[in-house]
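Have a look at structure.txt below; it lists compact mmCIF, C-alpha atoms.
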# COMPACT_ATOMS: atom_id res chain seq x y z
CA MET A 1 -7.43 1.90 3.33
CA LEU A 2 -10.20 -0.48 2.37
CA MET A 3 -12.05 -3.25 4.20
CA ASP A 4 -14.19 -6.13 2.95
CA ILE A 5 -17.48 -6.51 4.82
CA SER A 6 -20.59 -8.69 4.62
CA PHE A 7 -23.95 -8.75 6.39
CA SER A 8 -27.48 -10.07 5.91
CA CYS A 9 -30.31 -7.79 4.82
CA GLU A 10 -33.76 -8.20 6.39
CA CYS A 11 -34.92 -9.73 3.11
CA GLY A 12 -32.41 -12.57 3.51
CA GLU A 13 -29.93 -11.32 0.90
CA ARG A 14 -26.26 -11.61 1.91
CA ILE A 15 -24.55 -8.33 1.03
CA LYS A 16 -20.81 -8.20 0.35
CA GLU A 17 -19.08 -4.86 -0.16
CA THR A 18 -15.74 -3.11 0.15
CA VAL A 19 -15.83 0.06 2.26
CA TYR A 20 -13.42 2.90 2.88
CA VAL A 21 -11.55 2.96 6.20
CA PRO A 22 -10.39 6.38 7.47
CA ALA A 23 -6.98 6.76 9.06
CA PRO A 24 -6.98 6.98 12.88
CA ASN A 25 -6.51 10.37 14.48
CA PHE A 26 -2.72 10.35 14.68
CA MET A 27 -2.75 13.49 16.85
CA ALA A 28 -4.41 11.59 19.70
CA GLU A 29 -2.25 10.50 22.63
CA GLN A 30 -4.48 7.62 23.75
CA ASN A 31 -6.43 4.96 21.93
CA LYS A 32 -9.78 6.18 23.29
CA ASP A 33 -9.28 9.53 21.56
CA SER A 34 -7.96 8.18 18.25
CA GLY A 35 -11.25 7.25 16.57
CA SER A 36 -12.10 8.43 13.05
CA GLU A 37 -15.52 7.79 11.49
CA HIS A 38 -16.76 7.23 7.96
CA TYR A 39 -20.36 6.69 6.80
CA GLU A 40 -21.47 4.94 3.62
CA GLU A 41 -24.77 3.93 2.06
CA ILE A 42 -24.97 0.34 0.79
CA HIS A 43 -27.83 -0.73 -1.46
CA CYS A 44 -29.50 -4.17 -1.34
CA ASP A 45 -30.02 -5.34 -4.92
CA LYS A 46 -32.83 -7.70 -3.90
CA CYS A 47 -35.18 -5.50 -1.83
CA HIS A 48 -33.60 -2.11 -2.71
CA LYS A 49 -33.21 -1.09 0.92
CA GLU A 50 -30.46 1.40 1.74
CA HIS A 51 -28.24 0.46 4.68
CA GLU A 52 -26.16 3.11 6.44
CA ILE A 53 -22.72 1.77 7.33
CA LEU A 54 -20.44 3.29 9.96
CA VAL A 55 -16.72 2.48 9.91
CA VAL A 56 -14.72 3.50 12.99
CA ASN A 57 -10.93 3.22 13.02
CA THR A 58 -8.70 3.66 16.08
CA PHE A 59 -5.11 2.79 16.96
CA SER A 60 -6.30 -0.63 18.09
CA GLY A 61 -8.20 -1.49 14.91
CA ALA A 62 -11.31 -0.88 12.81
CA ASP A 63 -14.96 -1.72 13.51
CA CYS A 64 -17.99 -1.66 11.24
CA TYR A 65 -21.68 -1.25 12.08
CA VAL A 66 -25.02 -1.07 10.28
CA THR A 67 -26.43 2.05 11.94
CA SER A 68 -29.83 1.74 10.27
CA ASP A 69 -30.35 -1.51 12.20
CA GLY A 70 -28.36 -1.82 15.40
CA SER A 71 -28.98 -5.56 15.68
CA THR A 72 -27.37 -6.51 12.34
CA ASP A 73 -24.16 -8.51 12.70
CA VAL A 74 -21.40 -7.36 10.33
CA SER A 75 -18.50 -9.61 9.33
CA PHE A 76 -15.34 -7.80 8.26
CA GLY A 77 -11.64 -8.41 7.71
CA MET A 78 -8.55 -6.36 8.42
CA PRO A 79 -8.20 -2.99 6.65
CA TYR A 80 -5.77 -3.11 3.75
CA PHE A 81 -4.16 -0.80 1.25
CA PRO A 82 -5.31 -1.36 -2.34
CA GLU A 83 -2.42 -2.87 -4.28
CA SER A 84 -2.93 -0.59 -7.24
CA ASP A 85 -5.42 2.24 -7.42
CA TYR A 86 -3.74 4.96 -9.46
CA ASN A 87 -5.75 6.70 -12.15
CA ASP A 88 -4.13 8.69 -14.96
CA ASP A 89 -4.22 11.95 -12.97
CA GLU A 90 -2.46 10.32 -10.03
CA LEU A 91 0.11 8.78 -12.35
CA ALA A 92 0.72 12.21 -13.88
CA TRP A 93 1.33 13.57 -10.37
CA ILE A 94 3.80 10.76 -9.63
CA MET A 95 5.63 11.47 -12.88
CA GLN A 96 6.02 15.14 -11.91
CA SER A 97 6.52 14.76 -8.15
CA GLU A 98 9.94 14.42 -6.55
CA THR A 99 8.64 13.74 -3.04
CA GLN A 100 8.69 9.93 -3.03
CA ILE A 101 11.27 9.65 -0.24
CA GLU A 102 9.51 12.30 1.86
CA ILE A 103 6.22 10.40 1.59
CA PHE A 104 7.94 7.19 2.67
CA GLN A 105 9.61 8.95 5.60
CA ASN A 106 6.27 10.39 6.72
CA HIS A 107 4.77 6.90 6.73
CA ILE A 108 7.59 5.68 8.96
CA LYS A 109 7.22 8.65 11.30
CA SER A 110 3.52 7.78 11.66
CA VAL A 111 4.45 4.22 12.61
CA GLU A 112 6.81 5.52 15.29
CA LYS A 113 4.14 7.83 16.71
CA ILE A 114 1.47 5.11 16.79
CA LEU A 115 3.81 2.73 18.62
CA GLU A 116 4.09 5.31 21.39
CA ALA A 117 0.32 5.30 21.94
CA ASP A 118 -1.22 3.79 25.05
CA ILE A 119 -2.75 0.53 23.79
CA ASP A 120 -4.06 -2.30 25.95
CA ALA A 121 -2.28 -5.65 25.65
CA GLU A 122 -5.19 -7.47 23.97
CA ALA A 123 -5.35 -4.95 21.13
CA TYR A 124 -1.59 -4.62 20.65
CA PHE A 125 -1.22 -7.61 18.32
CA SER A 126 -3.91 -6.16 16.03
CA LEU A 127 -2.02 -2.86 16.02
CA LEU A 128 1.23 -4.61 15.04
CA VAL A 129 -0.60 -6.48 12.27
CA MET A 130 -1.86 -3.19 10.81
CA LEU A 131 1.51 -1.44 11.14
CA TYR A 132 3.43 -4.31 9.54
CA GLY A 133 1.17 -4.18 6.50
CA HIS A 134 1.50 -0.39 6.45
CA VAL A 135 5.32 -0.50 6.35
CA VAL A 136 5.38 -3.07 3.53
CA ALA A 137 2.86 -1.01 1.55
CA ALA A 138 5.01 2.10 2.09
CA VAL A 139 8.08 0.30 0.69
CA GLU A 140 6.15 -0.95 -2.35
CA ALA A 141 4.71 2.50 -3.00
CA TYR A 142 8.18 4.06 -2.77
CA LEU A 143 9.69 1.52 -5.16
CA SER A 144 6.86 1.97 -7.64
CA SER A 145 6.58 5.77 -7.58
CA THR A 146 10.36 6.31 -7.61
CA PHE A 147 10.86 4.05 -10.63
CA ILE A 148 7.90 5.59 -12.49
CA HIS A 149 9.15 9.12 -11.81
CA LYS A 150 12.71 8.43 -12.95
CA VAL A 151 11.80 6.50 -16.09
CA THR A 152 8.96 8.68 -17.37
CA ASN A 153 11.03 11.85 -16.97
CA SER A 154 13.92 10.56 -19.06
CA GLU A 155 13.75 9.64 -22.74
CA GLU A 156 16.96 7.66 -22.32
CA LEU A 157 15.56 5.60 -19.43
CA THR A 158 12.22 5.14 -21.17
CA ARG A 159 14.06 3.78 -24.21
CA LYS A 160 16.18 1.58 -21.95
CA LEU A 161 13.05 0.12 -20.35
CA ILE A 162 11.39 -0.49 -23.71
CA GLU A 163 14.52 -2.20 -25.05
CA THR A 164 15.11 -4.42 -21.99
CA ASP A 165 11.55 -5.33 -21.01
CA PRO A 166 9.98 -8.23 -22.98
CA LYS A 167 6.49 -6.71 -22.93
CA PHE A 168 7.62 -3.61 -24.80
CA SER A 169 10.44 -5.07 -26.90
CA ASN A 170 8.10 -7.68 -28.42
CA MET A 171 5.38 -5.19 -29.35
CA LYS A 172 4.74 -4.49 -33.03
CA PHE A 173 3.26 -1.18 -34.18
CA THR A 174 2.12 0.27 -37.49
CA LEU A 175 3.53 3.69 -38.45
CA LYS A 176 0.23 5.32 -37.42
CA GLU A 177 0.28 3.56 -34.06
CA ILE A 178 3.86 4.66 -33.43
CA PHE A 179 2.86 8.32 -33.69
CA GLU A 180 -0.30 7.76 -31.64
CA GLU A 181 1.56 5.86 -28.92
CA GLN A 182 4.29 8.47 -28.81
CA GLU A 183 1.79 11.02 -27.51
CA LYS A 184 0.67 8.86 -24.61
CA LEU A 185 3.83 6.82 -24.10
CA LYS A 186 4.53 8.17 -20.61
CA ILE A 187 1.09 7.18 -19.33
CA THR A 188 1.36 3.79 -21.07
CA VAL A 189 4.72 3.16 -19.41
CA ALA A 190 3.51 4.44 -16.03
CA ASN A 191 0.39 2.24 -16.09
CA TYR A 192 2.46 -0.81 -16.99
CA LEU A 193 5.01 -0.12 -14.28
CA LYS A 194 2.54 0.49 -11.44
CA ASP A 195 0.72 -2.76 -12.22
CA LEU A 196 3.94 -4.73 -12.62
CA ILE A 197 5.67 -3.47 -9.48
CA PHE A 198 2.63 -3.81 -7.25
CA HIS A 199 1.72 -7.29 -8.48
CA ASP A 200 5.12 -8.86 -9.24
CA LEU A 201 7.69 -7.59 -6.76
CA LYS A 202 10.32 -10.13 -7.83
CA LYS A 203 10.79 -8.16 -11.06
CA VAL A 204 11.63 -4.93 -9.24
CA LYS A 205 15.24 -5.83 -8.42
CA PRO A 206 16.32 -6.66 -12.02
CA MET A 207 14.39 -3.66 -13.39
CA TYR A 208 16.17 -1.25 -11.05
CA LYS A 209 19.48 -2.85 -12.06
CA ASP A 210 18.86 -2.99 -15.83
CA VAL A 211 17.23 0.43 -16.23
CA LEU A 212 18.54 2.57 -13.36
CA ASP A 213 21.88 0.78 -12.73
CA CYS A 214 20.85 0.47 -9.09
CA GLU A 215 21.80 -2.74 -7.25
CA PHE A 216 19.70 -3.71 -4.21
CA GLY A 217 21.81 -6.50 -2.82
CA ASP A 218 19.97 -9.16 -0.80
CA ILE A 219 16.25 -8.33 -0.43
CA SER A 220 15.05 -11.78 0.62
CA TRP A 221 13.73 -10.04 3.75
CA LEU A 222 11.33 -8.02 1.57
CA PHE A 223 9.89 -11.08 -0.16
CA LYS A 224 9.36 -12.67 3.27
CA ALA A 225 7.74 -9.45 4.49
CA VAL A 226 5.32 -9.47 1.54
CA ILE A 227 4.20 -12.99 2.50
CA ILE A 228 3.70 -11.94 6.12
CA ARG A 229 1.85 -8.82 4.95
CA HIS A 230 -0.54 -11.10 3.03
CA HIS A 231 -1.36 -12.92 6.28
CA CYS A 232 -1.81 -9.55 8.01
CA VAL A 233 -4.16 -8.16 5.38
CA HIS A 234 -6.23 -11.20 4.44
CA ARG A 235 -6.20 -13.31 7.63
CA ALA A 236 -5.78 -10.69 10.37
CA GLY A 237 -2.38 -12.05 11.40
CA TYR A 238 -2.98 -15.79 10.97
CA ASP A 239 -1.53 -18.13 8.33
CA LYS A 240 -3.37 -20.73 6.21
CA GLU A 241 -3.21 -23.24 9.07
CA ASN A 242 -4.91 -20.66 11.32
CA THR A 243 -1.72 -20.28 13.33
CA LYS A 244 -0.95 -16.86 14.75
CA ILE A 245 2.07 -15.37 12.99
CA GLU A 246 5.10 -14.30 14.99
CA LEU A 247 4.93 -10.53 15.33
CA SER A 248 6.47 -8.19 17.89
CA VAL A 249 7.73 -4.63 18.24
CA GLU A 250 11.26 -5.92 17.64
CA ILE A 251 10.22 -7.65 14.39
CA LEU A 252 8.45 -4.49 13.24
CA ARG A 253 11.47 -2.35 14.10
CA GLU A 254 13.76 -4.69 12.16
CA LEU A 255 11.45 -4.37 9.14
CA VAL A 256 11.51 -0.57 9.43
CA THR A 257 15.31 -0.54 9.67
CA ARG A 258 15.68 -2.73 6.58
CA ALA A 259 13.17 -0.57 4.70
CA GLN A 260 15.06 2.59 5.65
CA ASP A 261 18.37 1.03 4.58
CA LEU A 262 16.92 0.05 1.20
CA THR A 263 15.38 3.45 0.47
CA SER A 264 18.56 5.22 1.61
CA LEU A 265 20.61 3.00 -0.72
CA ILE A 266 18.34 3.83 -3.65
CA GLU A 267 18.38 7.55 -2.88
CA SER A 268 22.18 7.54 -2.64
CA LYS A 269 22.38 5.95 -6.10
CA LEU A 270 19.70 8.07 -7.79
CA HIS A 271 20.24 11.38 -5.97
CA PRO A 272 23.80 11.24 -4.60
CA THR A 273 24.06 15.00 -3.98
CA SER A 274 20.65 15.59 -2.40
CA LEU A 275 20.31 12.74 0.10
CA THR A 276 19.58 13.94 3.62
CA GLU A 277 20.13 11.77 6.65
CA PHE A 278 16.93 10.24 7.97
CA ASP A 279 16.96 8.51 11.31
CA LEU A 280 14.23 7.43 13.69
CA SER A 281 14.60 6.07 17.18
CA PHE A 282 13.44 2.54 16.34

As structure tokens, how would this structure be written, given the file I've shared?
Amino acid sequence: MLMDISFSCECGERIKETVYVPAPNFMAEQNKDSGSEHYEEIHCDKCHKEHEILVVNTFSGADCYVTSDGSTDVSFGMPYFPESDYNDDELAWIMQSETQIEIFQNHIKSVEKILEADIDAEAYFSLLVMLYGHVVAAVEAYLSSTFIHKVTNSEELTRKLIETDPKFSNMKFTLKEIFEEQEKLKITVANYLKDLIFHDLKKVKPMYKDVLDCEFGDISWLFKAVIIRHHCVHRAGYDKENTKIELSVEILRELVTRAQDLTSLIESKLHPTSLTEFDLSF
């Protein structure tokens, strides 16, 4: 996860950076034992001073400190998952990997375990905010990686995508470019898909239908969840009017159930003989 921070240097320069946030210690049974730490050095462009930053993440949320100056006040938002951070090596792994559903299931298991932790009432809303965003990100990652894996490992599906998607069908190539693109076509397709699916979720449903012959049914709940996730990530659980969003364990469990139903539906269509039952006590 990442987190946007800002603080003032002694020279008066306002420093804004994005720092890495480690995952909490999921093996811990109580919040007080769940802390994970990460240190970074941040450079001031004006006076060239190096500031040591400490990020601490627990079940109840993340904190950030300037350890080189204990009196410096740091402003920071909620941790968030980058919407698209795959490089070519990671895309190559996705194209080869068949573990998309297992990764999704592991994310959901982590959510279940964290909900069992002993968290004080004041911090519980922050925990739900983080977990809601985590579940939505897990669904998006599953949809993206599953589609990329299926399409890039099938010449027929790759051709189907190219023929049905306006971006590819409208492209014009010289004979030389055709041969050059053929060599890197999988990476080109994978890069396009990961950007499209992460940034324009409304196109996912028709793409799954047109290319993979997989119907989702009604996923209005997912579009609503993406909007709520935006409030969770960018406003720490508050909307544009600074009103606290409605969030509870029941709402989170309903989201998890819908996400499980959707992924199970997709797996039953794409891997009808290998689907294993996956159930959690939500």

Exercise for review: Find the spatial neighbours of Glu116 in chain A, counting only C-alpha atoms, within a cut-off of 12 Å - ignore same-chain residues fewer than 2 positions away - and output them as a list in words.
Suggested key: Phe26, Met27, Ala28, Glu29, Gln30, Asn31, Phe59, Lys109, Ser110, Val111, Glu112, Lys113, Ile114, Asp118, Ile119, Tyr124, Leu127, Val249, Ser281 and Phe282 of chain A

Exercise for review: Have a look at CA of Ser6 in chain A and CA of Thr72 in chain A and let me know their distance in Å, one decimal.
Suggested key: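 Separating CA of Ser6 in chain A from CA of Thr72 in chain A is a distance of 10.5 Å.
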
Point to revise | Which residue of A:Ala123, A:Asp210, A:Asp239, A:Glu140 approaches Arg159 in chain A most closely, using only C-alpha atoms | key: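 Ranking A:Ala123, A:Asp210, A:Asp239, A:Glu140 by distance to Arg159 in chain A, first place goes to A:Asp210.
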
Point to revise | Nearest to Phe104 in chain A by atom-to-atom distance, counting only C-alpha atoms, from A:Ala138, A:His48, A:Ser71, A:Ala117 | key: A:Ala138

Check your understanding: Taking into account all atoms listed in the file, which residue in the set A:Arg258, A:Lys202, A:Arg229, A:Lys209 is nearest to Leu161 in chain A?
Key ->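 The closest residue to Leu161 in chain A is A:Lys209.
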
Check your understanding: So which one's closest to Ile251 in chain A, A:His234, A:Glu156, A:Tyr142, A:Trp221? Using only C-alpha atoms, please.
Key ->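 With only C-alpha atoms as the atom set, the closest residue is A:Trp221.
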
**Study point:** Residue among A:His38, A:Lys46, A:His230, A:Lys160 lying closest to Cys64 in chain A, counting all atoms listed in the file
**Key:** A:His38

Study note, to complete from the structure: Correct to one decimal, the distance CA of Leu252 in chain A-CA of Tyr132 in chain A is 6.2 Å

Check your understanding: Between A:Lys224, A:Lys244, A:His107, A:Lys49, which is the closest to Leu131 in chain A once you count all atoms listed in the file?
Key ->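 Counting all atoms listed in the file, the residue closest to Leu131 in chain A is A:His107.
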
Check your understanding: In Å, with one decimal, what is the gap from CA of Ser36 in chain A to CA of Met1 in chain A?
Key ->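 Computing it gives 12.6 Å between the two atoms.
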
Give me the residues near Cys9 in chain A as a PDB file with C-alpha atoms, in the coordinates of the input, where near means some atom within 12 Å (using only C-alpha atoms) and where sequence neighbours in that chain fewer than 6 positions away do not count.
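For reference, result.pdb as written:
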ATOM      1  CA  ILE A  15     -24.550  -8.330   1.030  1.00  0.00           C
ATOM      2  CA  LYS A  16     -20.810  -8.200   0.350  1.00  0.00           C
ATOM      3  CA  ILE A  42     -24.970   0.340   0.790  1.00  0.00           C
ATOM      4  CA  HIS A  43     -27.830  -0.730  -1.460  1.00  0.00           C
ATOM      5  CA  CYS A  44     -29.500  -4.170  -1.340  1.00  0.00           C
ATOM      6  CA  ASP A  45     -30.020  -5.340  -4.920  1.00  0.00           C
ATOM      7  CA  LYS A  46     -32.830  -7.700  -3.900  1.00  0.00           C
ATOM      8  CA  CYS A  47     -35.180  -5.500  -1.830  1.00  0.00           C
ATOM      9  CA  HIS A  48     -33.600  -2.110  -2.710  1.00  0.00           C
ATOM     10  CA  LYS A  49     -33.210  -1.090   0.920  1.00  0.00           C
ATOM     11  CA  GLU A  50     -30.460   1.400   1.740  1.00  0.00           C
ATOM     12  CA  HIS A  51     -28.240   0.460   4.680  1.00  0.00           C
ATOM     13  CA  GLU A  52     -26.160   3.110   6.440  1.00  0.00           C
ATOM     14  CA  VAL A  66     -25.020  -1.070  10.280  1.00  0.00           C
ATOM     15  CA  SER A  68     -29.830   1.740  10.270  1.00  0.00           C
ATOM     16  CA  ASP A  69     -30.350  -1.510  12.200  1.00  0.00           C
ATOM     17  CA  SER A  71     -28.980  -5.560  15.680  1.00  0.00           C
ATOM     18  CA  THR A  72     -27.370  -6.510  12.340  1.00  0.00           C
ATOM     19  CA  ASP A  73     -24.160  -8.510  12.700  1.00  0.00           C
ATOM     20  CA  VAL A  74     -21.400  -7.360  10.330  1.00  0.00           C
TER      21      VAL A  74
END

Practice item. Identify the residues around (12.9, -0.9, 5.0) within a radius of 12 Å, measuring from all atoms listed in the file in the coordinates stated by the file, and give them as a ChimeraX atom specification. Key: /A:101,104-105,107-108,132,134-143,216,219-223,225-226,251-266,282
